[in-house]
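Coordinates as given in entry-v3.cif (mmCIF, C-alpha atoms):
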data_final
loop_
_atom_site.label_atom_id
_atom_site.label_comp_id
_atom_site.auth_asym_id
_atom_site.auth_seq_id
_atom_site.Cartn_x
_atom_site.Cartn_y
_atom_site.Cartn_z
CA MET A 26 -21.53 -6.08 -24.96
CA GLU A 27 -24.29 -6.82 -22.50
CA TRP A 28 -24.04 -8.18 -18.99
CA ASP A 29 -24.91 -11.90 -19.00
CA TRP A 30 -26.00 -13.46 -15.71
CA GLY A 31 -25.89 -16.97 -17.19
CA PHE A 32 -22.20 -16.52 -17.90
CA VAL A 33 -21.63 -15.22 -14.38
CA ILE A 34 -23.16 -18.38 -12.90
CA GLU A 35 -21.14 -20.49 -15.29
CA ILE A 36 -17.80 -18.98 -14.25
CA MET A 37 -18.59 -18.72 -10.52
CA PRO A 38 -17.12 -22.15 -9.56
CA THR A 39 -13.81 -21.24 -11.24
CA LEU A 40 -13.72 -17.88 -9.51
CA LEU A 41 -14.55 -19.38 -6.12
CA GLU A 42 -11.73 -21.88 -6.65
CA GLY A 43 -9.43 -18.88 -7.14
CA LEU A 44 -10.91 -17.10 -4.15
CA LYS A 45 -10.12 -20.11 -1.97
CA LEU A 46 -6.46 -19.98 -3.00
CA THR A 47 -6.46 -16.20 -2.48
CA LEU A 48 -7.65 -16.65 1.09
CA ILE A 49 -5.09 -19.41 1.79
CA ILE A 50 -2.29 -17.21 0.42
CA THR A 51 -3.46 -14.29 2.54
CA LEU A 52 -3.50 -16.35 5.73
CA VAL A 53 -0.13 -18.04 5.21
CA ALA A 54 1.54 -14.78 4.18
CA ALA A 55 -0.07 -13.00 7.14
CA VAL A 56 1.30 -15.53 9.62
CA LEU A 57 4.72 -15.09 8.01
CA ALA A 58 4.44 -11.29 8.12
CA ALA A 59 3.35 -11.31 11.76
CA GLY A 60 6.25 -13.55 12.82
CA LEU A 61 8.98 -11.96 10.70
CA GLY A 62 7.77 -8.48 11.59
CA LEU A 63 8.20 -9.12 15.30
CA MET A 64 11.66 -10.51 14.65
CA PHE A 65 12.64 -7.46 12.58
CA ALA A 66 11.26 -5.09 15.21
CA ILE A 67 13.29 -6.74 17.97
CA LEU A 68 16.47 -6.98 15.88
CA ARG A 69 16.16 -3.33 14.95
CA ARG A 70 16.22 -2.40 18.61
CA SER A 71 19.40 -4.39 19.16
CA THR A 72 22.10 -2.41 20.98
CA ASN A 73 24.65 -3.85 18.55
CA PRO A 74 24.82 -1.39 15.61
CA LEU A 75 26.14 -4.18 13.38
CA ILE A 76 22.71 -5.80 13.70
CA ALA A 77 20.45 -2.76 14.08
CA ARG A 78 21.83 -0.76 11.13
CA PRO A 79 21.62 -3.42 8.39
CA VAL A 80 18.17 -4.46 9.58
CA ALA A 81 16.99 -0.85 9.48
CA PHE A 82 18.36 -0.42 5.96
CA PHE A 83 16.82 -3.70 4.82
CA LEU A 84 13.42 -2.62 6.15
CA GLU A 85 13.69 0.78 4.42
CA PHE A 86 14.72 -0.87 1.17
CA ILE A 87 11.89 -3.40 1.10
CA ARG A 88 9.37 -0.72 1.99
CA GLY A 89 10.68 1.61 -0.72
CA THR A 90 10.42 -0.84 -3.61
CA PRO A 91 7.35 -2.38 -5.28
CA LEU A 92 6.06 -5.76 -4.17
CA LEU A 93 5.65 -6.78 -7.81
CA VAL A 94 9.35 -6.31 -8.51
CA GLN A 95 10.26 -8.18 -5.34
CA LEU A 96 8.06 -11.05 -6.48
CA TYR A 97 9.80 -11.07 -9.86
CA PHE A 98 13.12 -11.04 -8.05
CA ILE A 99 12.21 -14.07 -5.94
CA PHE A 100 10.60 -15.88 -8.83
CA TYR A 101 13.14 -15.22 -11.59
CA VAL A 102 16.47 -14.41 -9.92
CA LEU A 103 16.62 -16.94 -7.09
CA PRO A 104 16.40 -19.98 -9.43
CA ASP A 105 19.58 -18.74 -11.15
CA LEU A 106 21.25 -18.82 -7.76
CA GLY A 107 20.10 -22.39 -7.25
CA ILE A 108 16.98 -21.75 -5.17
CA VAL A 109 13.92 -22.95 -7.06
CA LEU A 110 10.60 -22.08 -5.43
CA SER A 111 7.14 -22.99 -6.63
CA PRO A 112 5.00 -19.98 -7.60
CA PHE A 113 2.92 -20.42 -4.46
CA VAL A 114 5.94 -20.50 -2.12
CA ALA A 115 7.61 -17.61 -3.97
CA GLY A 116 4.43 -15.54 -3.75
CA VAL A 117 3.78 -16.22 -0.10
CA THR A 118 7.42 -15.54 0.80
CA GLY A 119 7.47 -12.29 -1.14
CA MET A 120 4.25 -11.05 0.35
CA GLY A 121 5.12 -12.17 3.86
CA LEU A 122 8.48 -10.44 3.66
CA HIS A 123 7.08 -7.24 2.18
CA TYR A 124 4.37 -6.87 4.79
CA ALA A 125 6.73 -7.92 7.59
CA THR A 126 8.45 -4.57 7.07
CA TYR A 127 5.12 -2.85 7.70
CA THR A 128 4.16 -4.98 10.72
CA ALA A 129 7.66 -4.38 12.11
CA GLU A 130 6.76 -0.69 12.23
CA VAL A 131 3.52 -1.50 14.06
CA TYR A 132 5.35 -3.65 16.60
CA ARG A 133 7.92 -0.88 17.07
CA ALA A 134 5.17 1.53 18.06
CA GLY A 135 3.73 -1.10 20.40
CA ILE A 136 7.09 -1.78 22.00
CA GLU A 137 7.80 1.92 22.48
CA ASN A 138 4.44 2.29 24.21
CA VAL A 139 5.47 -0.13 26.95
CA ALA A 140 6.37 2.01 29.95
CA ARG A 141 10.06 2.40 30.77
CA GLY A 142 9.38 1.18 34.27
CA GLN A 143 8.60 -2.25 32.87
CA TRP A 144 12.12 -2.55 31.46
CA GLU A 145 13.58 -1.35 34.74
CA ALA A 146 11.41 -3.73 36.76
CA ALA A 147 12.50 -6.63 34.54
CA ARG A 148 16.10 -5.72 35.16
CA ALA A 149 15.48 -5.29 38.90
CA THR A 150 14.06 -8.81 39.12
CA ASN A 151 17.13 -10.09 37.30
CA LEU A 152 15.37 -11.33 34.15
CA ASN A 153 17.69 -11.91 31.21
CA LEU A 154 17.08 -10.32 27.82
CA ARG A 155 15.08 -13.23 26.42
CA GLN A 156 12.90 -13.47 29.53
CA THR A 157 12.30 -9.71 29.46
CA TRP A 158 11.06 -9.87 25.86
CA VAL A 159 9.02 -13.05 26.17
CA HIS A 160 7.39 -12.50 29.57
CA VAL A 161 7.24 -8.73 30.01
CA ILE A 162 7.51 -6.64 26.85
CA VAL A 163 5.83 -8.66 24.08
CA PRO A 164 2.69 -9.61 26.07
CA GLN A 165 2.09 -5.91 26.76
CA ALA A 166 3.17 -4.57 23.37
CA ILE A 167 1.05 -6.71 21.08
CA PRO A 168 -2.62 -6.60 22.19
CA PRO A 169 -3.08 -2.83 21.63
CA MET A 170 -1.58 -3.29 18.17
CA ILE A 171 -3.95 -6.05 17.02
CA PRO A 172 -6.30 -3.69 15.12
CA ALA A 173 -3.35 -2.13 13.28
CA LEU A 174 -2.03 -5.58 12.42
CA ALA A 175 -5.46 -6.66 11.17
CA ASN A 176 -5.44 -3.60 8.93
CA TYR A 177 -2.42 -4.99 7.15
CA LEU A 178 -4.16 -8.36 6.87
CA ILE A 179 -6.83 -6.63 4.79
CA ALA A 180 -4.15 -4.81 2.80
CA MET A 181 -2.47 -8.14 2.05
CA PHE A 182 -5.73 -9.67 0.93
CA LYS A 183 -6.16 -6.88 -1.58
CA GLU A 184 -2.62 -7.24 -2.90
CA THR A 185 -2.88 -10.97 -3.66
CA PRO A 186 -3.84 -10.31 -7.34
CA LEU A 187 -0.19 -9.34 -7.86
CA LEU A 188 0.66 -13.01 -7.48
CA SER A 189 -1.06 -13.70 -10.78
CA ALA A 190 1.98 -12.05 -12.39
CA ILE A 191 4.12 -14.96 -11.22
CA THR A 192 1.56 -17.50 -12.45
CA VAL A 193 -0.16 -18.30 -9.15
CA LEU A 194 -3.72 -19.34 -10.01
CA GLU A 195 -5.50 -17.11 -7.52
CA LEU A 196 -8.76 -15.24 -8.07
CA MET A 197 -7.41 -12.65 -10.51
CA ASN A 198 -5.56 -15.20 -12.61
CA GLN A 199 -8.61 -17.48 -12.80
CA ALA A 200 -10.64 -14.50 -13.97
CA LYS A 201 -8.01 -13.59 -16.54
CA SER A 202 -7.87 -17.10 -17.96
CA VAL A 203 -11.66 -17.27 -18.13
CA ALA A 204 -11.68 -13.88 -19.86
CA ASN A 205 -8.98 -14.88 -22.32
CA SER A 206 -10.65 -18.12 -23.34
CA SER A 207 -14.14 -16.66 -23.68
CA TYR A 208 -13.22 -13.14 -24.89
CA ARG A 209 -15.59 -11.73 -22.29
CA TYR A 210 -13.96 -9.35 -19.87
CA ILE A 211 -16.93 -7.58 -18.31
CA GLU A 212 -18.28 -10.38 -16.12
CA PRO A 213 -15.04 -11.97 -14.82
CA MET A 214 -13.30 -8.66 -14.07
CA THR A 215 -16.36 -7.11 -12.48
CA MET A 216 -17.00 -10.21 -10.38
CA VAL A 217 -13.40 -10.15 -9.14
CA GLY A 218 -13.84 -6.52 -8.13
CA ALA A 219 -17.15 -7.29 -6.45
CA LEU A 220 -15.77 -10.30 -4.55
CA PHE A 221 -12.82 -8.26 -3.31
CA LEU A 222 -15.06 -5.40 -2.31
CA ILE A 223 -17.50 -7.66 -0.44
CA ILE A 224 -14.80 -9.44 1.53
CA SER A 225 -12.98 -6.17 2.24
CA LEU A 226 -16.15 -4.53 3.55
CA ILE A 227 -16.89 -7.52 5.79
CA SER A 228 -13.31 -7.40 7.09
CA VAL A 229 -13.63 -3.70 7.80
CA VAL A 230 -16.67 -4.40 9.99
CA ALA A 231 -14.73 -7.19 11.75
CA LEU A 232 -11.89 -4.74 12.24
CA ARG A 233 -14.20 -2.25 13.97
CA LEU A 234 -15.21 -5.01 16.39
CA LEU A 235 -11.55 -5.83 17.03
CA GLU A 236 -10.86 -2.17 17.69
CA ARG A 237 -13.67 -2.02 20.22
CA ARG A 238 -12.45 -5.18 21.92
CA PHE A 239 -8.75 -4.36 22.11
CA GLY A 240 -8.96 -0.59 22.02
CA ARG A 241 -10.46 -0.69 25.51
CA MET A 242 -7.52 -2.63 26.89
CA VAL A 243 -5.15 0.21 26.11
CA LYS A 244 -6.88 2.61 28.44
CA MET B 23 29.28 -9.65 -25.27
CA VAL B 24 25.85 -8.39 -24.35
CA ASP B 25 25.16 -4.76 -25.05
CA TRP B 26 24.57 -3.68 -21.44
CA TYR B 27 24.69 -0.02 -22.35
CA GLY B 28 21.70 -0.41 -24.67
CA TYR B 29 19.76 -2.34 -22.06
CA LEU B 30 20.56 0.18 -19.36
CA SER B 31 19.24 3.00 -21.51
CA LEU B 32 16.08 0.93 -22.04
CA ILE B 33 15.61 0.68 -18.29
CA LEU B 34 16.28 4.40 -17.89
CA GLN B 35 13.59 5.15 -20.48
CA GLY B 36 11.30 3.08 -18.29
CA ALA B 37 12.43 5.07 -15.26
CA VAL B 38 11.29 8.26 -16.99
CA VAL B 39 7.84 6.72 -17.56
CA THR B 40 7.70 5.63 -13.92
CA ALA B 41 8.66 9.10 -12.72
CA LYS B 42 6.08 10.71 -15.01
CA LEU B 43 3.36 8.36 -13.79
CA THR B 44 4.30 9.04 -10.17
CA LEU B 45 4.23 12.81 -10.60
CA MET B 46 0.96 12.96 -12.55
CA GLY B 47 -0.65 10.34 -10.34
CA SER B 48 0.37 12.22 -7.19
CA ALA B 49 -0.97 15.50 -8.53
CA PHE B 50 -4.30 13.86 -9.35
CA ALA B 51 -4.34 12.03 -6.01
CA LEU B 52 -3.78 15.31 -4.18
CA VAL B 53 -6.77 16.91 -5.89
CA MET B 54 -8.96 13.87 -5.14
CA ALA B 55 -7.73 13.71 -1.53
CA PHE B 56 -8.78 17.30 -0.84
CA ALA B 57 -12.02 17.01 -2.78
CA ALA B 58 -13.10 13.82 -1.00
CA GLY B 59 -11.57 14.65 2.38
CA LEU B 60 -13.30 18.03 2.58
CA GLY B 61 -16.35 16.44 0.94
CA ARG B 62 -16.71 14.11 3.89
CA LEU B 63 -16.86 17.14 6.16
CA ALA B 64 -19.33 19.03 3.95
CA PRO B 65 -22.55 20.34 5.49
CA VAL B 66 -24.57 18.84 2.60
CA ALA B 67 -25.41 15.17 3.27
CA PRO B 68 -25.36 13.87 -0.36
CA VAL B 69 -21.85 15.27 -0.81
CA ARG B 70 -20.76 13.41 2.31
CA TRP B 71 -22.30 10.16 1.05
CA LEU B 72 -20.68 10.52 -2.35
CA ALA B 73 -17.28 11.11 -0.77
CA THR B 74 -17.74 8.13 1.57
CA ILE B 75 -18.75 5.80 -1.26
CA TYR B 76 -15.75 6.91 -3.31
CA ILE B 77 -13.34 6.38 -0.40
CA GLU B 78 -14.71 2.99 0.65
CA PHE B 79 -14.87 1.73 -2.91
CA PHE B 80 -11.30 2.57 -3.80
CA ARG B 81 -9.89 1.43 -0.49
CA GLY B 82 -11.85 -1.81 -0.65
CA THR B 83 -10.31 -3.14 -3.85
CA SER B 84 -6.71 -3.14 -4.96
CA VAL B 85 -4.99 -1.01 -7.59
CA PHE B 86 -4.49 -4.13 -9.65
CA VAL B 87 -8.18 -5.01 -9.91
CA GLN B 88 -9.16 -1.39 -10.53
CA LEU B 89 -6.57 -1.03 -13.25
CA PHE B 90 -7.66 -4.17 -15.06
CA TRP B 91 -11.25 -3.16 -14.77
CA VAL B 92 -10.62 0.28 -16.21
CA TYR B 93 -8.39 -1.05 -18.95
CA PHE B 94 -10.38 -4.11 -20.03
CA VAL B 95 -14.00 -3.43 -19.06
CA LEU B 96 -14.46 0.29 -19.69
CA PRO B 97 -13.75 -0.07 -23.44
CA PHE B 98 -16.98 -2.09 -23.67
CA ALA B 99 -18.78 0.92 -22.27
CA GLY B 100 -17.18 3.00 -25.02
CA ILE B 101 -14.46 4.55 -22.86
CA THR B 102 -11.04 3.61 -24.16
CA LEU B 103 -8.09 4.97 -22.22
CA SER B 104 -4.45 4.70 -23.19
CA PRO B 105 -2.37 2.68 -20.69
CA LEU B 106 -0.74 5.88 -19.41
CA VAL B 107 -4.04 7.67 -18.82
CA ALA B 108 -5.57 4.55 -17.26
CA GLY B 109 -2.55 4.28 -14.96
CA VAL B 110 -2.68 7.92 -13.86
CA VAL B 111 -6.45 7.84 -13.33
CA VAL B 112 -6.47 4.60 -11.34
CA LEU B 113 -3.41 5.38 -9.24
CA GLY B 114 -4.68 8.90 -8.59
CA LEU B 115 -8.15 7.74 -7.60
CA ASN B 116 -6.79 4.93 -5.45
CA VAL B 117 -4.17 6.89 -3.54
CA GLY B 118 -6.52 9.88 -3.41
CA ALA B 119 -8.97 7.75 -1.43
CA TYR B 120 -6.28 7.03 1.17
CA GLY B 121 -5.23 10.67 1.17
CA ALA B 122 -8.83 11.78 1.76
CA GLU B 123 -8.81 10.13 5.17
CA VAL B 124 -5.57 11.96 5.96
CA VAL B 125 -7.09 15.31 4.98
CA ARG B 126 -10.19 14.62 7.06
CA GLY B 127 -8.16 13.54 10.09
CA ALA B 128 -5.85 16.58 9.91
CA VAL B 129 -8.69 19.07 9.50
CA LEU B 130 -10.57 17.53 12.43
CA SER B 131 -7.47 17.64 14.61
CA VAL B 132 -7.32 21.45 14.47
CA PRO B 133 -8.60 22.53 17.91
CA LYS B 134 -12.20 23.63 18.19
CA ASP B 135 -11.38 27.07 19.60
CA GLN B 136 -9.81 27.91 16.23
CA TYR B 137 -13.23 27.48 14.63
CA GLU B 138 -14.87 29.50 17.36
CA ALA B 139 -12.32 32.28 16.96
CA CYS B 140 -13.13 32.39 13.23
CA VAL B 141 -16.82 32.75 13.96
CA ALA B 142 -16.00 35.45 16.49
CA VAL B 143 -14.06 37.54 13.96
CA ASN B 144 -16.79 36.94 11.36
CA LEU B 145 -14.79 35.02 8.74
CA SER B 146 -16.73 33.29 5.96
CA ARG B 147 -16.57 29.48 5.63
CA PHE B 148 -14.04 29.80 2.82
CA GLN B 149 -11.86 32.29 4.68
CA ARG B 150 -11.95 30.09 7.75
CA MET B 151 -10.75 27.06 5.79
CA TRP B 152 -8.21 28.89 3.66
CA HIS B 153 -6.59 31.25 6.16
CA VAL B 154 -6.96 29.46 9.48
CA ILE B 155 -7.68 25.73 9.32
CA LEU B 156 -5.67 24.53 6.30
CA PRO B 157 -2.39 26.31 7.20
CA GLN B 158 -2.48 24.45 10.50
CA ALA B 159 -3.71 21.15 9.09
CA LEU B 160 -1.26 20.93 6.16
CA PRO B 161 1.90 20.26 8.19
CA LEU B 162 0.05 17.38 9.87
CA MET B 163 -0.86 15.86 6.51
CA LEU B 164 2.57 16.13 4.92
CA PRO B 165 4.38 13.12 6.44
CA THR B 166 1.51 10.78 5.56
CA PHE B 167 1.23 12.32 2.09
CA GLY B 168 4.91 11.48 1.66
CA ASN B 169 4.20 7.86 2.53
CA ASN B 170 1.24 7.85 0.18
CA ALA B 171 3.41 9.20 -2.64
CA ILE B 172 5.85 6.33 -2.05
CA GLU B 173 2.94 3.87 -2.11
CA LEU B 174 1.91 5.41 -5.43
CA LEU B 175 5.44 5.05 -6.78
CA LYS B 176 5.33 1.38 -5.83
CA GLY B 177 1.88 1.06 -7.36
CA THR B 178 3.21 2.19 -10.74
CA ALA B 179 4.94 -1.18 -11.15
CA VAL B 180 1.51 -2.72 -11.63
CA VAL B 181 0.87 -0.74 -14.84
CA SER B 182 3.57 -2.82 -16.52
CA LEU B 183 0.91 -5.56 -16.55
CA ILE B 184 -1.30 -3.51 -18.89
CA SER B 185 1.68 -3.15 -21.22
CA LEU B 186 2.76 0.36 -20.29
CA SER B 187 6.53 0.42 -20.78
CA ASP B 188 7.55 1.56 -17.31
CA MET B 189 10.68 0.44 -15.46
CA THR B 190 9.32 -2.98 -14.46
CA PHE B 191 8.13 -3.63 -18.00
CA GLN B 192 11.54 -2.76 -19.44
CA ALA B 193 13.24 -5.02 -16.91
CA GLN B 194 11.05 -7.87 -18.15
CA VAL B 195 12.03 -7.00 -21.72
CA VAL B 196 15.71 -7.12 -20.79
CA ARG B 197 15.16 -10.41 -18.97
CA SER B 198 13.47 -12.04 -21.94
CA GLN B 199 16.09 -10.78 -24.40
CA THR B 200 19.25 -11.55 -22.46
CA GLY B 201 18.16 -14.36 -20.16
CA SER B 202 19.90 -12.47 -17.37
CA THR B 203 17.70 -12.01 -14.34
CA LEU B 204 19.84 -10.58 -11.58
CA ILE B 205 21.11 -7.48 -13.38
CA PRO B 206 17.80 -6.01 -14.66
CA PHE B 207 15.84 -6.70 -11.48
CA ALA B 208 18.60 -5.59 -9.11
CA THR B 209 18.99 -2.40 -11.18
CA ILE B 210 15.35 -1.46 -11.03
CA LEU B 211 15.09 -2.31 -7.32
CA VAL B 212 17.90 0.16 -6.66
CA LEU B 213 16.29 2.77 -8.93
CA TYR B 214 12.90 2.40 -7.22
CA PHE B 215 14.57 2.75 -3.85
CA ALA B 216 16.43 5.86 -5.02
CA MET B 217 13.16 7.40 -6.19
CA SER B 218 11.46 6.68 -2.88
CA LEU B 219 14.39 8.31 -1.06
CA VAL B 220 14.00 11.39 -3.26
CA ILE B 221 10.31 11.57 -2.33
CA SER B 222 10.94 11.27 1.39
CA PHE B 223 13.70 13.92 1.31
CA ALA B 224 11.52 16.28 -0.70
CA VAL B 225 8.62 15.86 1.72
CA ARG B 226 10.87 16.41 4.72
CA GLY B 227 12.20 19.61 3.16
CA LEU B 228 8.69 20.80 2.41
CA GLU B 229 7.67 20.05 5.97
CA ARG B 230 10.47 22.21 7.36
CA ARG B 231 9.43 25.08 5.10
CA MET B 232 5.78 24.88 6.06
CA THR B 233 6.29 24.67 9.79
CA ARG B 234 8.76 27.56 9.78
CA GLY B 235 6.23 30.20 10.73
CA LEU B 236 4.32 27.97 13.11
CA ASP B 237 6.78 27.83 16.02
CA GLY B 238 4.99 28.44 19.26
CA VAL B 239 1.57 28.01 17.68
CA ARG B 240 1.44 24.31 18.36
#
Rewrite the structure from the file as structure tokens, please.
Amino acid sequence: MEWDWGFVIEIMPTLLEGLKLTLIITLVAAVLAAGLGLMFAILRRSTNPLIARPVAFFLEFIRGTPLLVQLYFIFYVLPDLGIVLSPFVAGVTGMGLHYATYTAEVYRAGIENVARGQWEAARATNLNLRQTWVHVIVPQAIPPMIPALANYLIAMFKETPLLSAITVLELMNQAKSVANSSYRYIEPMTMVGALFLIISLISVVALRLLERRFGRMVK
Amino acid sequence: MVDWYGYLSLILQGAVVTAKLTLMGSAFALVMAFAAGLGRLAPVAPVRWLATIYIEFFRGTSVFVQLFWVYFVLPFAGITLSPLVAGVVVLGLNVGAYGAEVVRGAVLSVPKDQYEACVAVNLSRFQRMWHVILPQALPLMLPTFGNNAIELLKGTAVVSLISLSDMTFQAQVVRSQTGSTLIPFATILVLYFAMSLVISFAVRGLERRMTRGLDGVR
């Protein structure tokens, strides 16, 4: 079968529709991952072992099992327990949760890099635990970690095709349905690969800029 | 009464496929990681370019897209791979690209005076790599290789989508035949987690063995 540019142009609007949803999913899931990750990282440092231990196990468990299976779990098992989520919500939740366990690790490194003296100073000025986190630790822990966090944003973008398995109509699923109805696989699949590659490469360049901008602040 | 024993054995058959994929994929990834990682440090420029293109390409797209491309598009070019082979090749190439960066980083982190010492005692390039640089770089690579192997294990779930009957695929079969969702998916989640624990223990053991003779060196 030969490559057909006419067909490529014909399917482009459908693919771009999918790409739009892919980008929306990535952003929403990334916000979720960034927020949840910070929460996990702080809970894991709790001095109460009844909180720290289960959180640590939960993080290990999520990180040791495939995202695809977690998506199936959210999409197929939760409705039996009375929680019905739309494919989009299920997908975003699954991805956000999965990557939160990775961002939690990034935050942990950032938090550990904050000098001990900062904790002591916070205590000396009689800040309570919440004030210490909000005003002293987090503002110093996060900026150096922004490039590492952005790295996971790119990783999430690349993993969005998995959501096609739970019927979300993102880029990969649009391509699959085009391929199935026209019996042409070459163009849709190759275009999906190309679109992902282009956006990934652009993001990598953006990441380098981020590294230059925030990398300097660490020194 | 549903025949849970039969369904469990179905899932265990899938677990064997998953384990096989993980092992073969990891072996292939290891080869690619060293080939591309050392390739990026090669003195010959075209070799460096080739390695860079390989690494950027496979890190720029996801396993899913690569797998579908290999499985659905390559047959039109006359290359038909069985799902298992396609899975091993794609997972190996993908994780190998990540591993290549690890190899490169570890080799570069060996102090410069080690290289100078090798020149001073007149070792060849191969001897330098084999006897001096790699034994010091390997322990640095191991922890990340362990993580990469776990990523590969998790990546194997995706091959269920090209109809390879791995653990995830079998869980879907059980789901569609029994209508039960919690039991198959909870079972395979636990099994995946157990496998990832095995990998991390194995890597930690290997790390202890390899660093045994290196006390005081670093």
Apply the PyMOL selection byres ((chain A) within 9 of (chain B)) to the file shown and report the selected residues as a PDB file with C-alpha atoms, in the coordinates of the input.
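Written out: out18.pdb:
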ATOM      1  CA  MET A  26     -21.530  -6.080 -24.960  1.00  0.00           C
ATOM      2  CA  GLU A  27     -24.290  -6.820 -22.500  1.00  0.00           C
ATOM      3  CA  GLU A  85      13.690   0.780   4.420  1.00  0.00           C
ATOM      4  CA  PHE A  86      14.720  -0.870   1.170  1.00  0.00           C
ATOM      5  CA  ILE A  87      11.890  -3.400   1.100  1.00  0.00           C
ATOM      6  CA  ARG A  88       9.370  -0.720   1.990  1.00  0.00           C
ATOM      7  CA  GLY A  89      10.680   1.610  -0.720  1.00  0.00           C
ATOM      8  CA  THR A  90      10.420  -0.840  -3.610  1.00  0.00           C
ATOM      9  CA  PRO A  91       7.350  -2.380  -5.280  1.00  0.00           C
ATOM     10  CA  LEU A  92       6.060  -5.760  -4.170  1.00  0.00           C
ATOM     11  CA  LEU A  93       5.650  -6.780  -7.810  1.00  0.00           C
ATOM     12  CA  VAL A  94       9.350  -6.310  -8.510  1.00  0.00           C
ATOM     13  CA  GLN A  95      10.260  -8.180  -5.340  1.00  0.00           C
ATOM     14  CA  TYR A  97       9.800 -11.070  -9.860  1.00  0.00           C
ATOM     15  CA  PHE A  98      13.120 -11.040  -8.050  1.00  0.00           C
ATOM     16  CA  TYR A 101      13.140 -15.220 -11.590  1.00  0.00           C
ATOM     17  CA  VAL A 102      16.470 -14.410  -9.920  1.00  0.00           C
ATOM     18  CA  LEU A 103      16.620 -16.940  -7.090  1.00  0.00           C
ATOM     19  CA  ASP A 105      19.580 -18.740 -11.150  1.00  0.00           C
ATOM     20  CA  ILE A 179      -6.830  -6.630   4.790  1.00  0.00           C
ATOM     21  CA  ALA A 180      -4.150  -4.810   2.800  1.00  0.00           C
ATOM     22  CA  PHE A 182      -5.730  -9.670   0.930  1.00  0.00           C
ATOM     23  CA  LYS A 183      -6.160  -6.880  -1.580  1.00  0.00           C
ATOM     24  CA  GLU A 184      -2.620  -7.240  -2.900  1.00  0.00           C
ATOM     25  CA  THR A 185      -2.880 -10.970  -3.660  1.00  0.00           C
ATOM     26  CA  PRO A 186      -3.840 -10.310  -7.340  1.00  0.00           C
ATOM     27  CA  LEU A 187      -0.190  -9.340  -7.860  1.00  0.00           C
ATOM     28  CA  ALA A 190       1.980 -12.050 -12.390  1.00  0.00           C
ATOM     29  CA  MET A 197      -7.410 -12.650 -10.510  1.00  0.00           C
ATOM     30  CA  TYR A 210     -13.960  -9.350 -19.870  1.00  0.00           C
ATOM     31  CA  ILE A 211     -16.930  -7.580 -18.310  1.00  0.00           C
ATOM     32  CA  GLU A 212     -18.280 -10.380 -16.120  1.00  0.00           C
ATOM     33  CA  MET A 214     -13.300  -8.660 -14.070  1.00  0.00           C
ATOM     34  CA  THR A 215     -16.360  -7.110 -12.480  1.00  0.00           C
ATOM     35  CA  VAL A 217     -13.400 -10.150  -9.140  1.00  0.00           C
ATOM     36  CA  GLY A 218     -13.840  -6.520  -8.130  1.00  0.00           C
ATOM     37  CA  ALA A 219     -17.150  -7.290  -6.450  1.00  0.00           C
ATOM     38  CA  PHE A 221     -12.820  -8.260  -3.310  1.00  0.00           C
ATOM     39  CA  LEU A 222     -15.060  -5.400  -2.310  1.00  0.00           C
ATOM     40  CA  ILE A 223     -17.500  -7.660  -0.440  1.00  0.00           C
ATOM     41  CA  ILE A 224     -14.800  -9.440   1.530  1.00  0.00           C
ATOM     42  CA  SER A 225     -12.980  -6.170   2.240  1.00  0.00           C
ATOM     43  CA  LEU A 226     -16.150  -4.530   3.550  1.00  0.00           C
ATOM     44  CA  VAL A 229     -13.630  -3.700   7.800  1.00  0.00           C
TER      45      VAL A 229
END
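All residues of protein, DNA or RNA that reach within 10 Å of Leu44 of chain A, judged by all atoms listed in the file and not counting those fewer than 6 positions away in the chain, are Pro38, Ile50, Leu194, Glu195, Leu196, Met197, Gln199, Val217, Leu220 and Phe221 of chain A.
The residues caught by the PyMOL selection byres ((chain B and resi 49) around 12) in this file are Lys42, Leu43, Thr44, Leu45, Met46, Gly47, Ser48, Phe50, Ala51, Leu52, Val53, Met54, Ala55, Phe56, Val110, Val111, Leu113, Gly114, Leu115, Val117, Gly118, Gly121, Phe167, Asn170, Ala171 and Leu174 of chain B.
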Would you mind exporting the chosen residues as an mmCIF file, keeping the file's coordinate frame, restricted to C-alpha atoms?
data_model
loop_
_atom_site.group_PDB
_atom_site.id
_atom_site.type_symbol
_atom_site.label_atom_id
_atom_site.label_comp_id
_atom_site.auth_asym_id
_atom_site.auth_seq_id
_atom_site.Cartn_x
_atom_site.Cartn_y
_atom_site.Cartn_z
ATOM 1 C CA LYS B 42 6.080 10.710 -15.010
ATOM 2 C CA LEU B 43 3.360 8.360 -13.790
ATOM 3 C CA THR B 44 4.300 9.040 -10.170
ATOM 4 C CA LEU B 45 4.230 12.810 -10.600
ATOM 5 C CA MET B 46 0.960 12.960 -12.550
ATOM 6 C CA GLY B 47 -0.650 10.340 -10.340
ATOM 7 C CA SER B 48 0.370 12.220 -7.190
ATOM 8 C CA PHE B 50 -4.300 13.860 -9.350
ATOM 9 C CA ALA B 51 -4.340 12.030 -6.010
ATOM 10 C CA LEU B 52 -3.780 15.310 -4.180
ATOM 11 C CA VAL B 53 -6.770 16.910 -5.890
ATOM 12 C CA MET B 54 -8.960 13.870 -5.140
ATOM 13 C CA ALA B 55 -7.730 13.710 -1.530
ATOM 14 C CA PHE B 56 -8.780 17.300 -0.840
ATOM 15 C CA VAL B 110 -2.680 7.920 -13.860
ATOM 16 C CA VAL B 111 -6.450 7.840 -13.330
ATOM 17 C CA LEU B 113 -3.410 5.380 -9.240
ATOM 18 C CA GLY B 114 -4.680 8.900 -8.590
ATOM 19 C CA LEU B 115 -8.150 7.740 -7.600
ATOM 20 C CA VAL B 117 -4.170 6.890 -3.540
ATOM 21 C CA GLY B 118 -6.520 9.880 -3.410
ATOM 22 C CA GLY B 121 -5.230 10.670 1.170
ATOM 23 C CA PHE B 167 1.230 12.320 2.090
ATOM 24 C CA ASN B 170 1.240 7.850 0.180
ATOM 25 C CA ALA B 171 3.410 9.200 -2.640
ATOM 26 C CA LEU B 174 1.910 5.410 -5.430
#
